[in-house]
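Take a look at the structure set out below.
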Amino acid sequence: MRDLQGEQAMRFTLLKGVLPLNRAAALRDALAGLTLASMNIPQVLGYARIAGMPAVTGLYTVFLPLVAFALFGASRHLVVAADSATATIFASRLSTMAPVASAEYVALAGMVALLTAAMLLLARVFRLGFLADFLSRTVLVGFLAGVGVQVGIAMLGDMLGIPVHSSRTTEQVALIVGQLPQAHLPTLGISMLVVVCILGAKRYLPRLPVPLFAVVGAIAASHAYDFAGHGIAVIGPIAGGLPHPYLPAVSWRQTLELVPVAASCFVMIIAQSAAASRSFAERYRERVDEDADILGLAAANAAAALTGTFVVNGSPTQTAMADQAGARSQFAQVVFAGVVVVVLLFLSQALQYLPHCVLAGIVFTIAVGLIKVKGLLAIGRESPGEFTLALVTAAAVVAIGVEHGILLAVALSLMRHVRHSYRPHTMVLAPGPEGRWLPVAARPGMETTPEMIVYRFGADLFFANDHYFVDEVKALIDHAPTTVRWFVVDAGAITDLDYSAARSVRDLCDSLTQRGVNVIFARVNHYLRADMERHGIVEAIGEQCIFETLHDALAAVDAGLATAGTNAV
């Protein structure tokens with residue numbers, strides 16, 4: 001009996017994204033899964049095109065990887081499948097190592113997925129879900145916009161019927177411009193028809209699976225009117241059937257070369273998947289289990305690697321599509337995977353007639369969707385500095401590639417945080433109307449009352465900003481209208497004090513004491529007090545100079561109680 005209960009507990013633990021599930025919910029999610037399949041099957045074929053992989057591998061990404069995440073993940077909404085961002089990341093590197101869509105290329109893509117799965121598993125073991133926070137929303141918007149531009153340009157060759165043999169965006173633009181007179185007009189016409197129909201339906205009929213209609217209609221027309229015989233390139237024969245599990249055969253040297261690529265995919269997967277799962281969990285007031293989701297993503301990428309396909313990701317776009325279709329659990333994704341099995345077993349032969357320009361048109365619309373113009377404009381209105389960061393990130397992705405662009409995005413996010421900590425907002429309580437004190441930006445020549453300055457430092461003190469703190473305190477005291485006897489540090493925003501900053505603070509306190517200035521720390525929380533005790537600051541300035549509230553500190557100044565503690569230094 002106990003063994004049975006243990007097995008049931010394990011089953012419920014593994015199926016967090018599916019259970020609980022009643023009959024009505026199962027029927028609703030099954031219908032949503034069918035709808036999602038009709039919308040997403042054409043998209044994953046397009047993602048395979050972005051990835052430089054055989055078209056059938058796009059279908060593989062929504063088979064076992066979907067099932068693996070449903071089994072191990074916790075999010076009830078996240079759709080884990082092929083994604084344009086991660087596909088572009090590894091394709092930009094792999095295209096320099098092997099011919100696109102070749103057996104060697106497929107093996108390299110499988111190894112990237114396997115390395116990514118290993119990194120995600122390590123992230124789960126060491127609980128590294130917090131890494132998602134190192135990619136700011138602003139920079140992520142810029143990064144995805146850059147990916148959209150890059151992918152859109154990459155599709156123009158197929159849409160125009162022009163051969164473009166380059167993985168660099170700038171070279172692709174030059175090749176396309178140079179060959180414009182040779183554009184194949186029937187190919188261009190079909191591409192434009194697909195793009196206009198999809199974008200128009202997305203605006204006015206968002207639930208209509210126009211990409212599916214485009215694929216089915218193009219296949220029928222191609223077969224009936226012999227598109228290939230009229231110079232319109234088609235996919236060609238596609239191997240049907242289910243994928244056969246195997247380990248990708250890649251040399252040790254190539255594996256080492258792929259580690260940075262897998263690391264870039266890892267960062268993007270962590271960031272995008274966490275953002276998507278959090279947003280939909282908040283919408284439905286559900287708990288987020290990031291560790292379980294990371295385990296599910298690791299299992300999904302391992303399944304991708306072993307079934308001959310490429311990296312999968314928690315896609316915000318496809319997750320939104322699933323939500324619009326009515327999906328409320330991972331059971332919808334399991335049904336989606338079942339539909340894919342039917343396509344692989346019985347319908348793969350029809351895909352050989354699909355024109356490249358139709359897939360390129362579908363992918364182009366996906367790329368357009370990645371460029372959130374309204375989001376960029378909103379960032380520009382609210383924060384011009386962050387808008388600049390977003391544009392720099394987008395430009396870097398287009399100019400130097402996605403792999404380096406994602407690393408730059410993380411670096412810019414961290415640099416922006418460090419910049420704010422390095423030069424935090426500082427304030428002084430200054431006299432205001434009706435005899436009240438108001439916090440205003442600190443500048444030399446200000447004082448709170450004659451002989452007293454109340455100063456607030458807006459960040460933790462550490463090695464990079466301790467000199468800024470010391471210099472500003474000295475400047476305030478040196479340029480005060482009256483001789484300063486009391487300098488009160490409002491430490492409400494300071495929760496941490498490292499060794500370098502502690503030495504600087506002690507030296508400052510010693511220097512000010514020699515000048516007859518009493519230094520008092522107010523609003524000292526228990527984290528900061530522990531650091532001040534460990535570094536000897538409490539002993540140096542005296543217990544009487546440290547207060548938990550600003551009110552108590554000012555009362556001590558009024559009563560002159562802090563003088564004894566300061567003289568004891």
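Going by the structure tokens order, chains are called A, B, ..., each with residues numbered from 1, while ligands are numbered from 1 in the order shown.
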Please, which residues of stretch 83-241 of chain A, numbered as in this document, come out helix (DSSP H, G or I) from DSSP, as number ranges by chain? A: 84-94, 103-125, 129-134, 137-160, 169-182, 185-204, 210-225, 228-230
Name all residues at most 7 Å from A:Asp496 (count only C-alpha atoms; drop same-chain ones fewer than 3 positions away) and give them as a VMD selection string. chain A and resid 460 to 461 527 to 528 531
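For A:Ile235, the non-local neighbours within 12 Å, defined as residues at least 5 positions apart in the same chain or in other chains and counting only C-alpha atoms, are Leu45, Gly46, Ala48, Arg49, Met53, Pro54, Ala55, Val56, Ala101, Asp158, Val215, Ala218, Ile219, Ser222, Phe227, Ala228, Ser348, Gln349, Ala350, Leu351, Gln352, Tyr353, Leu354, Pro355, His356, Cys357, Val358, Leu359 and Ala360 of chain A.
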Dump N, CA and C atoms for the selected residues as a PDB file, in the first residue's frame?
ATOM      1  N   LEU A  45       7.844  24.412 -38.880  1.00  0.00           N
ATOM      2  CA  LEU A  45       8.524  24.184 -40.156  1.00  0.00           C
ATOM      3  C   LEU A  45       9.352  25.411 -40.526  1.00  0.00           C
ATOM      4  N   GLY A  46       8.806  26.586 -40.243  1.00  0.00           N
ATOM      5  CA  GLY A  46       9.553  27.819 -40.482  1.00  0.00           C
ATOM      6  C   GLY A  46      10.752  27.954 -39.568  1.00  0.00           C
ATOM      7  N   ALA A  48      12.480  25.521 -38.382  1.00  0.00           N
ATOM      8  CA  ALA A  48      13.507  24.616 -38.915  1.00  0.00           C
ATOM      9  C   ALA A  48      14.263  25.302 -40.045  1.00  0.00           C
ATOM     10  N   ARG A  49      13.549  26.101 -40.825  1.00  0.00           N
ATOM     11  CA  ARG A  49      14.188  26.855 -41.904  1.00  0.00           C
ATOM     12  C   ARG A  49      15.172  27.868 -41.330  1.00  0.00           C
ATOM     13  N   MET A  53      17.928  23.552 -40.584  1.00  0.00           N
ATOM     14  CA  MET A  53      17.736  22.110 -40.416  1.00  0.00           C
ATOM     15  C   MET A  53      16.739  21.580 -41.442  1.00  0.00           C
ATOM     16  N   PRO A  54      16.752  20.264 -41.711  1.00  0.00           N
ATOM     17  CA  PRO A  54      15.713  19.666 -42.551  1.00  0.00           C
ATOM     18  C   PRO A  54      14.326  19.980 -41.984  1.00  0.00           C
ATOM     19  N   ALA A  55      13.347  20.184 -42.860  1.00  0.00           N
ATOM     20  CA  ALA A  55      12.018  20.623 -42.424  1.00  0.00           C
ATOM     21  C   ALA A  55      11.394  19.667 -41.412  1.00  0.00           C
ATOM     22  N   VAL A  56      11.610  18.357 -41.565  1.00  0.00           N
ATOM     23  CA  VAL A  56      10.974  17.391 -40.679  1.00  0.00           C
ATOM     24  C   VAL A  56      11.441  17.548 -39.234  1.00  0.00           C
ATOM     25  N   ALA A 101      21.837  21.939 -43.242  1.00  0.00           N
ATOM     26  CA  ALA A 101      20.923  20.801 -43.421  1.00  0.00           C
ATOM     27  C   ALA A 101      21.637  19.485 -43.740  1.00  0.00           C
ATOM     28  N   ASP A 158      14.873  33.798 -50.115  1.00  0.00           N
ATOM     29  CA  ASP A 158      13.870  32.811 -50.545  1.00  0.00           C
ATOM     30  C   ASP A 158      12.600  33.484 -51.040  1.00  0.00           C
ATOM     31  N   VAL A 215      -0.035  26.872 -45.948  1.00  0.00           N
ATOM     32  CA  VAL A 215       0.752  25.663 -46.222  1.00  0.00           C
ATOM     33  C   VAL A 215      -0.063  24.658 -47.033  1.00  0.00           C
ATOM     34  N   ALA A 218      -0.717  26.032 -50.550  1.00  0.00           N
ATOM     35  CA  ALA A 218       0.502  26.052 -51.362  1.00  0.00           C
ATOM     36  C   ALA A 218       0.896  24.650 -51.810  1.00  0.00           C
ATOM     37  N   ILE A 219       0.736  23.664 -50.917  1.00  0.00           N
ATOM     38  CA  ILE A 219       1.059  22.280 -51.276  1.00  0.00           C
ATOM     39  C   ILE A 219       0.143  21.803 -52.405  1.00  0.00           C
ATOM     40  N   SER A 222       1.039  23.673 -55.618  1.00  0.00           N
ATOM     41  CA  SER A 222       2.340  23.249 -56.122  1.00  0.00           C
ATOM     42  C   SER A 222       2.241  21.905 -56.815  1.00  0.00           C
ATOM     43  N   PHE A 227       4.847  23.682 -59.489  1.00  0.00           N
ATOM     44  CA  PHE A 227       5.627  24.876 -59.160  1.00  0.00           C
ATOM     45  C   PHE A 227       7.105  24.671 -59.448  1.00  0.00           C
ATOM     46  N   ALA A 228       7.617  23.492 -59.100  1.00  0.00           N
ATOM     47  CA  ALA A 228       9.051  23.237 -59.293  1.00  0.00           C
ATOM     48  C   ALA A 228       9.435  23.361 -60.762  1.00  0.00           C
ATOM     49  N   SER A 348       3.627  13.261 -44.205  1.00  0.00           N
ATOM     50  CA  SER A 348       4.923  13.875 -44.480  1.00  0.00           C
ATOM     51  C   SER A 348       5.238  13.932 -45.972  1.00  0.00           C
ATOM     52  N   GLN A 349       4.726  12.976 -46.752  1.00  0.00           N
ATOM     53  CA  GLN A 349       5.021  12.970 -48.189  1.00  0.00           C
ATOM     54  C   GLN A 349       4.467  14.205 -48.892  1.00  0.00           C
ATOM     55  N   ALA A 350       3.343  14.713 -48.400  1.00  0.00           N
ATOM     56  CA  ALA A 350       2.743  15.888 -49.025  1.00  0.00           C
ATOM     57  C   ALA A 350       3.597  17.135 -48.835  1.00  0.00           C
ATOM     58  N   LEU A 351       4.405  17.139 -47.787  1.00  0.00           N
ATOM     59  CA  LEU A 351       5.199  18.332 -47.494  1.00  0.00           C
ATOM     60  C   LEU A 351       6.284  18.595 -48.539  1.00  0.00           C
ATOM     61  N   GLN A 352       6.631  17.578 -49.354  1.00  0.00           N
ATOM     62  CA  GLN A 352       7.697  17.774 -50.336  1.00  0.00           C
ATOM     63  C   GLN A 352       7.335  18.827 -51.389  1.00  0.00           C
ATOM     64  N   TYR A 353       6.035  19.108 -51.559  1.00  0.00           N
ATOM     65  CA  TYR A 353       5.607  20.083 -52.559  1.00  0.00           C
ATOM     66  C   TYR A 353       5.547  21.517 -52.002  1.00  0.00           C
ATOM     67  N   LEU A 354       5.850  21.676 -50.730  1.00  0.00           N
ATOM     68  CA  LEU A 354       5.741  22.999 -50.103  1.00  0.00           C
ATOM     69  C   LEU A 354       6.833  23.926 -50.644  1.00  0.00           C
ATOM     70  N   PRO A 355       6.475  25.079 -51.213  1.00  0.00           N
ATOM     71  CA  PRO A 355       7.489  26.009 -51.737  1.00  0.00           C
ATOM     72  C   PRO A 355       8.293  26.659 -50.607  1.00  0.00           C
ATOM     73  N   HIS A 356       9.575  26.862 -50.846  1.00  0.00           N
ATOM     74  CA  HIS A 356      10.433  27.547 -49.879  1.00  0.00           C
ATOM     75  C   HIS A 356       9.922  28.968 -49.608  1.00  0.00           C
ATOM     76  N   CYS A 357       9.389  29.610 -50.640  1.00  0.00           N
ATOM     77  CA  CYS A 357       8.958  30.994 -50.458  1.00  0.00           C
ATOM     78  C   CYS A 357       7.775  31.105 -49.499  1.00  0.00           C
ATOM     79  N   VAL A 358       6.939  30.059 -49.425  1.00  0.00           N
ATOM     80  CA  VAL A 358       5.817  30.073 -48.483  1.00  0.00           C
ATOM     81  C   VAL A 358       6.334  29.977 -47.054  1.00  0.00           C
ATOM     82  N   LEU A 359       7.270  29.045 -46.833  1.00  0.00           N
ATOM     83  CA  LEU A 359       7.879  28.948 -45.499  1.00  0.00           C
ATOM     84  C   LEU A 359       8.594  30.246 -45.140  1.00  0.00           C
ATOM     85  N   ALA A 360       9.313  30.814 -46.102  1.00  0.00           N
ATOM     86  CA  ALA A 360      10.020  32.068 -45.852  1.00  0.00           C
ATOM     87  C   ALA A 360       9.044  33.187 -45.502  1.00  0.00           C
TER      88      ALA A 360
END
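The smallest atom-to-atom distance between A:Val363 and any of A:Ala154, A:Leu242, A:Ile494, A:Leu408, using only C-alpha atoms, is found for A:Ala154.
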Restricting the calculation to only C-alpha atoms, which member of A:Gln254, A:Asn313, A:Ser95, A:Gln182 is positioned closest to A:Phe266?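 Among A:Gln254, A:Asn313, A:Ser95, A:Gln182, it is A:Asn313 that comes nearest to A:Phe266.
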Work out how far atom CA of A:Val216 is from atom CA of A:Leu347, in Å to one decimal.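 Rounded to one decimal, the two atoms are 11.1 Å apart.
Atom pair atom CA of A:Val80 / atom CA of A:Thr393: separated by 25.2 Å.
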Select from stretch 340-489 of chain A everything DSSP, run on the backbone, classes as strand (DSSP E or B), then give the selection as a list in words. Pro355, Thr426, Met427, Val428, Leu429, Ala430, Pro431, Trp437, Leu438, Pro439, Val440, Ala441, Thr449, Met452, Ile453, Val454, Tyr455, Arg456, Phe457, Leu461, Trp486, Phe487, Val488 and Val489 of chain A
Restricting the calculation to only C-alpha atoms, which member of A:Ala556, A:Ala304, A:Val334, A:Ile153 is positioned closest to A:Leu34?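 Of all the options, A:Val334 lies closest to A:Leu34.
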Restricting the calculation to only C-alpha atoms: of A:Gly308, A:Pro211, A:Gly58, A:Pro260, which residue gets closest to A:Pro42?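 Closest to A:Pro42 of all the choices is A:Pro211.
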Using only C-alpha atoms, can you tell me which of A:Ala475, A:Leu497, A:Ala540, A:Ala555 comes closest to A:Thr513?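 Closest candidate: A:Ala540.
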For A:Trp486, which residue among A:Asp552, A:Asp293, A:Glu451, A:Glu434 is the nearest when counting only C-alpha atoms? A:Glu451
Extract, using only C-alpha atoms, all DNA, RNA and protein residues at most 8 Å from A:Ala325, discarding same-chain residues fewer than 4 positions from it, and format them as a list in words. Ala32, Gly33, Thr35, Leu36, Arg207 and Met321 of chain A
Would you mind listing what lies within 10 Å of A:Ala459 as a list in words, with only C-alpha atoms counted and same-chain residues fewer than 5 positions away left out? His420, Ser421, Tyr422, Arg423, Pro424, His425, Thr426, Asn465, Ala491, Gly492, Ala493, Ile494, Thr495 and Asp496 of chain A
Kindly export the residues of the current selection with C-alpha atoms, as a PDB file, in the first residue's frame.
ATOM      1  CA  HIS A 420      23.087  52.801 -10.740  1.00  0.00           C
ATOM      2  CA  SER A 421      24.835  51.260  -7.744  1.00  0.00           C
ATOM      3  CA  TYR A 422      28.078  53.099  -8.581  1.00  0.00           C
ATOM      4  CA  ARG A 423      26.331  56.476  -8.785  1.00  0.00           C
ATOM      5  CA  PRO A 424      23.166  56.062  -6.683  1.00  0.00           C
ATOM      6  CA  HIS A 425      20.672  58.777  -5.874  1.00  0.00           C
ATOM      7  CA  THR A 426      21.717  60.717  -2.782  1.00  0.00           C
ATOM      8  CA  ASN A 465      31.008  53.417  -4.719  1.00  0.00           C
ATOM      9  CA  ALA A 491      21.159  54.260   6.044  1.00  0.00           C
ATOM     10  CA  GLY A 492      17.676  53.019   5.146  1.00  0.00           C
ATOM     11  CA  ALA A 493      18.806  51.943   1.662  1.00  0.00           C
ATOM     12  CA  ILE A 494      22.055  50.302   2.802  1.00  0.00           C
ATOM     13  CA  THR A 495      21.770  46.581   3.519  1.00  0.00           C
ATOM     14  CA  ASP A 496      25.330  45.488   2.819  1.00  0.00           C
TER      15      ASP A 496
END
Shell around A:Ala409 at 12 Å using only C-alpha atoms, local window under 4 positions removed, as a count of residues only: 35
Within 12 Å of A:Pro245 using only C-alpha atoms, minus same-chain residues under 2 positions, as an MDAnalysis selection string: chainID A and resid 60 64 110 242:243 247:248 302:309
